[in-house]
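**Student:** What follows is work-v3.txt; its format and atoms are compact mmCIF, C-alpha atoms.
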# COMPACT_ATOMS: atom_id res chain seq x y z
CA MET A 262 34.99 16.71 -81.10
CA ALA A 263 37.27 16.02 -78.12
CA GLY A 264 39.94 15.01 -80.64
CA MET A 265 39.67 18.34 -82.47
CA LEU A 266 39.93 20.23 -79.18
CA LYS A 267 43.08 18.34 -78.23
CA LEU A 268 44.53 19.03 -81.70
CA ALA A 269 43.83 22.76 -81.26
CA VAL A 270 45.33 22.95 -77.76
CA ILE A 271 48.49 21.06 -78.72
CA PHE A 272 49.21 23.20 -81.78
CA LEU A 273 48.47 26.42 -79.90
CA LYS A 274 51.03 25.34 -77.30
CA ILE A 275 53.61 24.55 -79.97
CA GLY A 276 52.86 27.93 -81.57
CA VAL A 277 53.64 29.66 -78.29
CA VAL A 278 57.01 27.99 -77.71
CA PHE A 279 58.61 28.05 -81.11
CA PHE A 280 60.12 31.53 -80.92
CA GLY A 281 63.51 31.72 -82.52
CA GLY A 282 62.94 29.92 -85.78
CA GLY A 283 62.32 26.69 -87.53
CA TYR A 284 65.20 24.59 -86.38
CA VAL A 285 64.08 24.54 -82.77
CA LEU A 286 60.85 23.21 -84.15
CA ILE A 287 62.03 19.90 -85.65
CA PRO A 288 63.30 18.30 -82.40
CA LEU A 289 60.32 19.74 -80.50
CA LEU A 290 57.72 18.38 -82.93
CA HIS A 291 59.54 15.09 -83.13
CA ARG A 292 59.36 14.65 -79.37
CA ILE A 293 55.69 15.58 -79.16
CA MET A 294 54.33 13.91 -82.33
CA VAL A 295 56.41 10.73 -82.40
CA ASP A 296 57.58 9.99 -78.84
CA GLN A 297 54.83 11.39 -76.63
CA LEU A 298 51.55 11.26 -78.57
CA HIS A 299 52.39 8.59 -81.16
CA TRP A 300 50.45 10.56 -83.79
CA LEU A 301 53.13 9.84 -86.41
CA THR A 302 55.68 7.10 -86.99
CA LEU A 303 59.28 8.23 -87.46
CA LYS A 304 59.05 7.63 -91.22
CA GLU A 305 55.85 9.64 -91.47
CA PHE A 306 57.45 12.44 -89.47
CA LEU A 307 60.48 12.63 -91.78
CA ASP A 308 58.28 12.46 -94.89
CA GLY A 309 56.11 15.23 -93.43
CA VAL A 310 59.17 17.45 -92.87
CA ALA A 311 60.27 16.82 -96.48
CA LEU A 312 56.76 17.66 -97.68
CA SER A 313 56.56 20.92 -95.79
CA GLN A 314 59.97 21.93 -97.11
CA LEU A 315 58.67 21.58 -100.66
CA THR A 316 56.26 24.47 -100.11
CA PRO A 317 57.03 28.18 -99.80
CA GLY A 318 55.50 28.19 -96.30
CA PRO A 319 57.56 27.82 -93.12
CA LEU A 320 58.57 24.47 -91.65
CA ALA A 321 55.67 24.75 -89.20
CA MET A 322 53.44 23.77 -92.13
CA LEU A 323 54.14 20.30 -90.76
CA ALA A 324 51.08 21.07 -88.61
CA THR A 325 48.93 20.82 -91.76
CA PHE A 326 50.27 17.33 -92.43
CA VAL A 327 49.71 16.13 -88.85
CA GLY A 328 46.25 17.70 -88.68
CA PHE A 329 45.32 16.04 -91.95
CA LYS A 330 46.29 12.63 -90.68
CA ASP A 331 44.38 13.14 -87.45
CA ALA A 332 41.13 14.62 -88.77
CA GLY A 333 41.22 15.18 -92.52
CA PHE A 334 40.91 18.57 -94.19
CA PHE A 335 39.32 20.37 -91.23
CA GLY A 336 41.90 18.92 -88.86
CA ALA A 337 44.60 20.29 -91.18
CA LEU A 338 42.94 23.71 -91.21
CA LEU A 339 42.55 23.80 -87.44
CA ALA A 340 46.14 22.69 -86.74
CA THR A 341 47.54 25.25 -89.22
CA VAL A 342 45.52 28.14 -87.80
CA CYS A 343 46.43 27.20 -84.23
CA ILE A 344 50.19 26.85 -84.76
CA PHE A 345 50.42 30.26 -86.46
CA LEU A 346 47.95 32.09 -84.22
CA PRO A 347 50.36 33.07 -81.40
CA CYS A 348 53.15 34.50 -83.59
CA THR A 349 50.67 36.24 -85.90
CA ALA A 350 48.81 37.84 -82.98
CA LEU A 351 52.10 39.10 -81.50
CA MET A 352 53.23 40.39 -84.88
CA LEU A 353 49.93 42.26 -85.34
CA PHE A 354 50.37 43.76 -81.88
CA ILE A 355 53.93 44.92 -82.63
CA ALA A 356 52.98 46.34 -86.04
CA SER A 357 50.03 48.27 -84.59
CA ARG A 358 52.25 49.79 -81.87
CA TYR A 359 55.16 50.42 -84.27
CA GLU A 360 55.07 54.25 -84.13
CA ARG A 361 54.78 54.23 -80.36
CA PHE A 362 57.71 51.79 -80.05
CA ARG A 363 59.85 54.01 -82.25
CA ARG A 364 59.51 56.82 -79.72
CA ILE A 365 61.19 54.74 -77.00
CA ASP A 366 64.98 55.25 -77.00
CA ALA A 367 65.83 51.76 -75.76
CA VAL A 368 63.78 50.18 -78.58
CA ASN A 369 65.56 52.31 -81.17
CA HIS A 370 68.99 51.36 -79.81
CA PHE A 371 67.96 47.70 -79.73
CA LEU A 372 66.84 47.91 -83.38
CA ASP A 373 70.03 49.77 -84.39
CA GLY A 374 72.03 46.88 -83.03
CA ILE A 375 69.80 44.25 -84.61
CA LEU A 376 69.60 45.59 -88.19
CA PRO A 377 73.24 44.88 -89.16
CA ALA A 378 72.85 41.42 -87.59
CA VAL A 379 69.77 40.83 -89.76
CA VAL A 380 71.90 41.65 -92.81
CA GLY A 381 74.44 39.08 -91.65
CA LEU A 382 71.68 36.49 -91.18
CA VAL A 383 70.40 37.09 -94.72
CA PHE A 384 73.85 36.24 -96.08
CA ALA A 385 74.12 33.29 -93.71
CA ALA A 386 70.84 31.93 -95.13
CA ALA A 387 72.22 32.18 -98.68
CA PHE A 388 75.48 30.58 -97.55
CA ASN A 389 73.78 27.68 -95.79
CA LEU A 390 71.54 26.98 -98.80
CA GLY A 391 74.54 27.17 -101.11
CA ARG A 392 76.67 24.89 -99.00
CA THR A 393 74.18 22.04 -99.30
CA SER A 394 72.84 22.58 -102.80
CA LEU A 395 75.52 24.08 -105.10
CA THR A 396 77.33 21.06 -106.44
CA GLY A 397 79.02 21.83 -109.75
CA ALA A 398 80.20 24.47 -112.19
CA ARG A 399 76.72 24.46 -113.76
CA ASP A 400 75.12 25.55 -110.46
CA PHE A 401 77.62 28.38 -109.95
CA LEU A 402 77.08 29.55 -113.52
CA LEU A 403 73.30 29.62 -112.97
CA LEU A 404 73.87 31.48 -109.69
CA ALA A 405 76.05 34.13 -111.39
CA VAL A 406 73.66 34.66 -114.31
CA GLY A 407 70.65 34.69 -111.97
CA PHE A 408 72.35 37.25 -109.75
CA LEU A 409 73.08 39.60 -112.66
CA VAL A 410 69.54 39.31 -114.03
CA LEU A 411 67.88 39.91 -110.62
CA GLN A 412 70.26 42.71 -109.66
CA PHE A 413 70.12 44.71 -112.88
CA THR A 414 66.71 43.99 -114.43
CA ALA A 415 63.13 44.11 -113.16
CA ILE A 416 62.33 40.61 -114.47
CA ALA A 417 60.13 38.77 -111.97
CA PRO A 418 62.03 36.18 -109.88
CA MET A 419 59.48 33.48 -110.84
CA ALA A 420 60.27 34.02 -114.53
CA VAL A 421 64.00 33.75 -113.79
CA ILE A 422 63.45 30.54 -111.81
CA LEU A 423 61.39 28.99 -114.62
CA GLY A 424 63.95 30.12 -117.19
CA ALA A 425 66.76 28.60 -115.16
CA SER A 426 64.90 25.29 -114.83
CA LEU A 427 64.50 25.27 -118.62
CA VAL A 428 68.20 26.00 -119.15
CA GLY A 429 69.03 23.30 -116.60
CA LEU A 430 66.97 20.78 -118.56
CA LEU A 431 68.59 21.75 -121.86
CA LEU A 432 72.10 21.50 -120.34
CA ARG A 433 71.29 18.03 -119.11
CA PHE A 434 70.45 16.84 -122.61
CA ALA A 435 73.29 18.68 -124.34
CA MET B 537 45.20 50.20 -100.06
CA ALA B 538 42.50 47.80 -101.16
CA LEU B 539 42.28 44.58 -99.15
CA ARG B 540 41.88 42.73 -102.44
CA GLU B 541 45.30 43.92 -103.61
CA ILE B 542 46.91 42.84 -100.32
CA ALA B 543 45.32 39.39 -100.63
CA ALA B 544 46.35 39.01 -104.29
CA THR B 545 49.95 40.15 -103.69
CA PHE B 546 50.60 37.79 -100.79
CA PHE B 547 48.78 34.87 -102.42
CA VAL B 548 51.09 35.19 -105.42
CA ILE B 549 54.14 35.39 -103.14
CA GLY B 550 52.88 32.33 -101.27
CA ALA B 551 52.33 30.44 -104.52
CA THR B 552 55.62 31.30 -106.24
CA GLY B 553 58.04 31.71 -103.36
CA PHE B 554 59.78 28.38 -103.64
CA GLY B 555 62.84 28.21 -101.46
CA GLY B 556 60.92 29.46 -98.42
CA GLY B 557 62.41 31.43 -95.52
CA MET B 558 64.80 34.14 -96.65
CA ALA B 559 63.75 33.69 -100.29
CA ILE B 560 60.26 34.82 -99.23
CA VAL B 561 61.69 37.83 -97.41
CA ALA B 562 63.66 38.74 -100.54
CA LEU B 563 60.48 38.44 -102.64
CA VAL B 564 58.40 40.52 -100.22
CA GLU B 565 61.10 43.21 -100.17
CA ARG B 566 61.28 43.25 -103.97
CA ARG B 567 57.51 43.42 -104.47
CA CYS B 568 56.34 45.58 -101.57
CA VAL B 569 59.30 47.86 -100.83
CA LEU B 570 61.16 48.29 -104.13
CA GLU B 571 58.33 47.99 -106.67
CA LYS B 572 55.12 49.07 -104.91
CA LYS B 573 56.80 51.29 -102.28
CA TRP B 574 54.20 50.28 -99.70
CA LEU B 575 56.66 50.92 -96.88
CA GLY B 576 60.22 52.19 -96.37
CA HIS B 577 63.40 50.10 -96.20
CA ASP B 578 63.98 50.84 -92.51
CA GLU B 579 60.43 50.00 -91.55
CA PHE B 580 60.57 46.73 -93.50
CA MET B 581 63.86 45.73 -91.86
CA HIS B 582 62.44 46.51 -88.42
CA GLY B 583 59.51 44.22 -89.23
CA LEU B 584 61.92 41.52 -90.39
CA ALA B 585 63.94 41.89 -87.17
CA PHE B 586 60.82 41.47 -85.02
CA GLY B 587 59.72 38.62 -87.28
CA GLN B 588 62.97 36.76 -86.70
CA LEU B 589 62.62 37.15 -82.95
CA LEU B 590 59.13 35.65 -83.12
CA GLY B 591 59.79 32.48 -85.11
CA PRO B 592 58.56 31.91 -88.67
CA PHE B 593 59.95 35.14 -90.14
CA SER B 594 58.72 34.60 -93.72
CA LEU B 595 55.12 34.58 -92.47
CA ASN B 596 55.81 37.30 -89.90
CA SER B 597 57.20 39.74 -92.45
CA CYS B 598 54.04 39.27 -94.58
CA THR B 599 51.91 39.90 -91.47
CA PHE B 600 53.92 43.04 -90.69
CA VAL B 601 53.59 44.53 -94.18
CA GLY B 602 49.84 43.81 -94.36
CA SER B 603 49.35 45.27 -90.92
CA ARG B 604 51.23 48.48 -91.73
CA LEU B 605 48.96 48.93 -94.77
CA ARG B 606 45.54 48.15 -93.32
CA GLY B 607 45.87 47.44 -89.60
CA PRO B 608 45.18 44.06 -87.97
CA VAL B 609 42.69 43.05 -90.69
CA GLY B 610 45.28 43.71 -93.41
CA GLY B 611 47.91 41.83 -91.42
CA ALA B 612 45.75 38.78 -90.81
CA LEU B 613 44.68 38.79 -94.47
CA ALA B 614 48.28 39.00 -95.68
CA ALA B 615 49.24 36.11 -93.39
CA ALA B 616 46.31 33.93 -94.48
CA SER B 617 46.86 34.71 -98.18
CA PHE B 618 50.54 33.87 -97.93
CA ILE B 619 49.89 30.55 -96.16
CA ALA B 620 46.92 29.49 -98.34
CA PRO B 621 48.86 28.07 -101.36
CA SER B 622 51.23 26.05 -99.12
CA PHE B 623 48.26 24.87 -97.06
CA LEU B 624 46.37 23.67 -100.13
CA LEU B 625 49.46 22.00 -101.60
CA ILE B 626 50.27 20.15 -98.36
CA SER B 627 46.63 19.12 -97.90
CA ALA B 628 46.52 17.65 -101.40
CA LEU B 629 49.87 15.88 -100.96
CA SER B 630 48.87 14.62 -97.48
CA LEU B 631 45.73 13.11 -98.98
CA LEU B 632 47.85 11.21 -101.51
CA TYR B 633 50.45 10.33 -98.91
CA PHE B 634 48.14 8.86 -96.29
CA ARG B 635 46.26 6.96 -98.96
CA TYR B 636 49.23 5.53 -100.88
CA HIS B 637 52.16 6.09 -98.48
CA GLU B 638 54.35 7.47 -101.23
CA LEU B 639 55.76 10.95 -101.80
CA PRO B 640 55.39 12.20 -105.38
CA GLU B 641 58.64 13.02 -107.18
CA LEU B 642 58.31 16.77 -106.80
CA LYS B 643 61.73 17.36 -105.36
CA SER B 644 63.65 16.82 -108.58
CA ALA B 645 61.32 19.15 -110.44
CA LEU B 646 62.15 21.99 -108.05
CA LEU B 647 65.89 21.37 -107.75
CA GLY B 648 66.80 23.28 -110.90
CA SER B 649 65.64 26.51 -109.34
CA ASN B 650 67.97 26.37 -106.34
CA PRO B 651 70.87 28.56 -107.58
CA ILE B 652 68.36 31.27 -108.55
CA VAL B 653 66.81 31.21 -105.08
CA ILE B 654 70.28 31.80 -103.63
CA ALA B 655 70.89 34.61 -106.14
CA LEU B 656 67.60 36.24 -105.09
CA ILE B 657 68.61 36.18 -101.42
CA LEU B 658 72.07 37.57 -102.26
CA VAL B 659 70.57 40.48 -104.23
CA ALA B 660 68.32 41.36 -101.28
CA GLY B 661 71.21 40.98 -98.83
CA ILE B 662 73.48 43.29 -100.83
CA GLY B 663 70.75 45.95 -101.02
CA MET B 664 70.26 45.76 -97.24
CA ALA B 665 74.01 45.78 -96.58
CA ARG B 666 74.47 48.95 -98.66
CA ARG B 667 71.90 50.74 -96.53
CA LYS B 668 72.50 49.26 -93.12
CA ALA B 669 75.95 47.73 -92.92
CA ALA B 670 78.20 49.73 -95.25
CA ARG B 671 80.39 51.31 -92.56
CA LEU B 672 82.02 50.24 -89.32
CA PRO B 673 80.93 49.22 -86.75
CA ALA B 674 77.72 48.00 -88.42
CA ALA B 675 79.70 46.10 -91.08
CA ALA B 676 81.61 44.27 -88.33
CA ILE B 677 78.34 43.30 -86.61
CA ALA B 678 76.97 41.99 -89.92
CA ALA B 679 80.16 39.99 -90.54
CA ALA B 680 80.09 38.56 -87.00
CA ALA B 681 76.40 37.62 -87.34
CA PHE B 682 77.16 35.94 -90.66
CA ALA B 683 80.04 33.96 -89.18
CA ALA B 684 78.05 32.96 -86.09
CA ALA B 685 74.99 31.74 -88.02
CA GLY B 686 76.67 30.57 -91.23
CA LEU B 687 79.89 28.99 -89.99
CA PHE B 688 79.30 28.10 -86.35
CA GLY B 689 75.61 27.16 -86.35
CA VAL B 690 74.57 29.70 -83.68
CA SER B 691 70.77 30.17 -83.65
CA ALA B 692 69.31 33.32 -85.20
CA LEU B 693 67.58 34.18 -81.94
CA SER B 694 70.86 34.22 -79.95
CA VAL B 695 72.57 36.30 -82.64
CA LEU B 696 69.77 38.88 -82.61
CA VAL B 697 69.54 39.12 -78.83
CA VAL B 698 73.31 39.66 -78.52
CA ALA B 699 73.26 42.29 -81.29
CA GLY B 700 70.27 44.05 -79.70
CA CYS B 701 72.00 44.18 -76.31
CA TRP B 702 75.10 45.59 -78.00
CA GLY B 703 72.89 48.30 -79.55
CA ILE B 704 71.36 49.20 -76.18
CA TRP B 705 74.80 49.32 -74.53
CA LYS B 706 76.15 51.57 -77.32
CA GLY B 707 73.13 53.86 -77.05
CA TRP B 708 73.47 54.06 -73.28
CA ARG B 709 77.18 54.95 -73.58
CA ALA B 710 76.50 57.60 -76.24
CA GLY B 711 73.85 59.08 -73.96
CA ARG B 712 76.34 59.32 -71.09
CA MET B 713 78.99 61.03 -73.24
CA ARG B 714 76.58 63.80 -74.15
Rewrite the structure of this file - the entire thing - as structure tokens.

**Tutor:**
Amino acid sequence: MAGMLKLAVIFLKIGVVFFGGGYVLIPLLHRIMVDQLHWLTLKEFLDGVALSQLTPGPLAMLATFVGFKDAGFFGALLATVCIFLPCTALMLFIASRYERFRRIDAVNHFLDGILPAVVGLVFAAAFNLGRTSLTGARDFLLLAVGFLVLQFTAIAPMAVILGASLVGLLLRFA
Amino acid sequence: MALREIAATFFVIGATGFGGGMAIVALVERRCVLEKKWLGHDEFMHGLAFGQLLGPFSLNSCTFVGSRLRGPVGGALAAASFIAPSFLLISALSLLYFRYHELPELKSALLGSNPIVIALILVAGIGMARRKAARLPAAAIAAAAFAAAGLFGVSALSVLVVAGCWGIWKGWRAGRMR
């Protein structure tokens, strides 16, 4: 029971400090999980990061992996809830006050400045993914076809992804 | 809006949104803003902006949309539904991992989808740019943010804080001119 409490407190703390996005999180979790608490070996930590990147969830899903090692399924559940609790609570607060915030001039000006930057960050995300994963003419061809299909048809992205995987397989055997 | 529909929508996004991060945002925008018209483009982008300031923005944008539909209960439900598939997948893989100390060969199975994930993000980005960054000076801010985060590795948080301060400064100056 004391172990579960410690698990909850540690992941709540991490949840409070990881404002600003996932890549602050890796060095932070590494220091806490591997160096300070010795909950994971370095290899386990790296495998856990790889595992959490396989899923659609954010990188902080690493908490599930650590919680599972520490206390099985319920440890995983507790760690996951705790790491996401702070940001979710704040987000709920902001969303519930949204109309009131919009009536404050300074907030509106702040948002006016931020929105174009968000657009830039969306393209930066695509660029960073592309830089590490687009390797040959085949990838760029898939990208171009995928872009046209998603831009001009209402076909569900999942169907396009499955279709592309199929085409990728066929091209490999051709 | 029925809670059941919120849960189902975000569970599906959480189960099929491979690529994570911005790919999720693109999916949420496509499903909830373009197709279902649950909220407006501006409102969604404001939610995304707040979400990026607060960390895991894929989860945060789901929370925001759910919350705008059905208050805190809707928001918490959207967040939990979105996380559930990843949670179950990681739990199952952790079980295998800590028992056998091997990672299954899932990576190669998902690699083929990568160019499409990038295409999905680009389509969402172009739609947002048309609405929010088509003219100067917004286009210049977008280009600078892209360069800072894409080419020079500046963190998203720093980019957003600088852009927000620029917005406040511009608003303050416009107010003084009047």

**Student:** Near Ala683 (chain B), counting only C-alpha atoms, which residues have an atom at most 12 Å away, once you skip same-chain residues fewer than 2 positions from it, shown as a PyMOL selection string?

**Tutor:** (chain A and resi 378+380-386+388-389) or (chain B and resi 676-681+685-692+695)

**Student:** Got a sec: who's within 10 Å of Met664 (chain B), counting only C-alpha atoms, leaving out chain neighbours fewer than 3 positions off, as number ranges by chain?

**Tutor:** A: 376-377, 379-381, 383; B: 565, 577-578, 581, 658-661, 667-670

**Student:** As a PyMOL selection string, please: the residues near Gly374 (chain A) (cut-off 7 Å, only C-alpha atoms, same-chain neighbours under 4 positions excluded).

**Tutor:** (chain A and resi 370) or (chain B and resi 699-700+702-703)

**Student:** By how many Å are CA of Gly276 (chain A) and CA of Gly607 (chain B) apart?

**Tutor:**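 Answer for the CA of Gly276 (chain A) to CA of Gly607 (chain B) separation: 22.2 Å.
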
**Student:** CA of Ala559 (chain B) to CA of Val653 (chain B): how many Å, to one decimal?

**Tutor:**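 So the two atoms, CA of Ala559 (chain B) and CA of Val653 (chain B), lie 6.2 Å apart.
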
**Student:** Write out as a ChimeraX atom specification the residues lying within 12 Å of region 330-335 of chain A, counting all atoms listed in the file and excluding same-chain residues fewer than 2 positions away.

**Tutor:** /A:262-269,294,298-302,305-306,309,323-328,337-342 /B:623-635,637

**Student:** Kindly indicate which residue among A:Ile271, A:Met322, A:Val277, A:Leu404 lies nearest to Ala425 (chain A), using all atoms listed in the file for the distances.

**Tutor:**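 That would be A:Leu404, the residue with the smallest distance to Ala425 (chain A).
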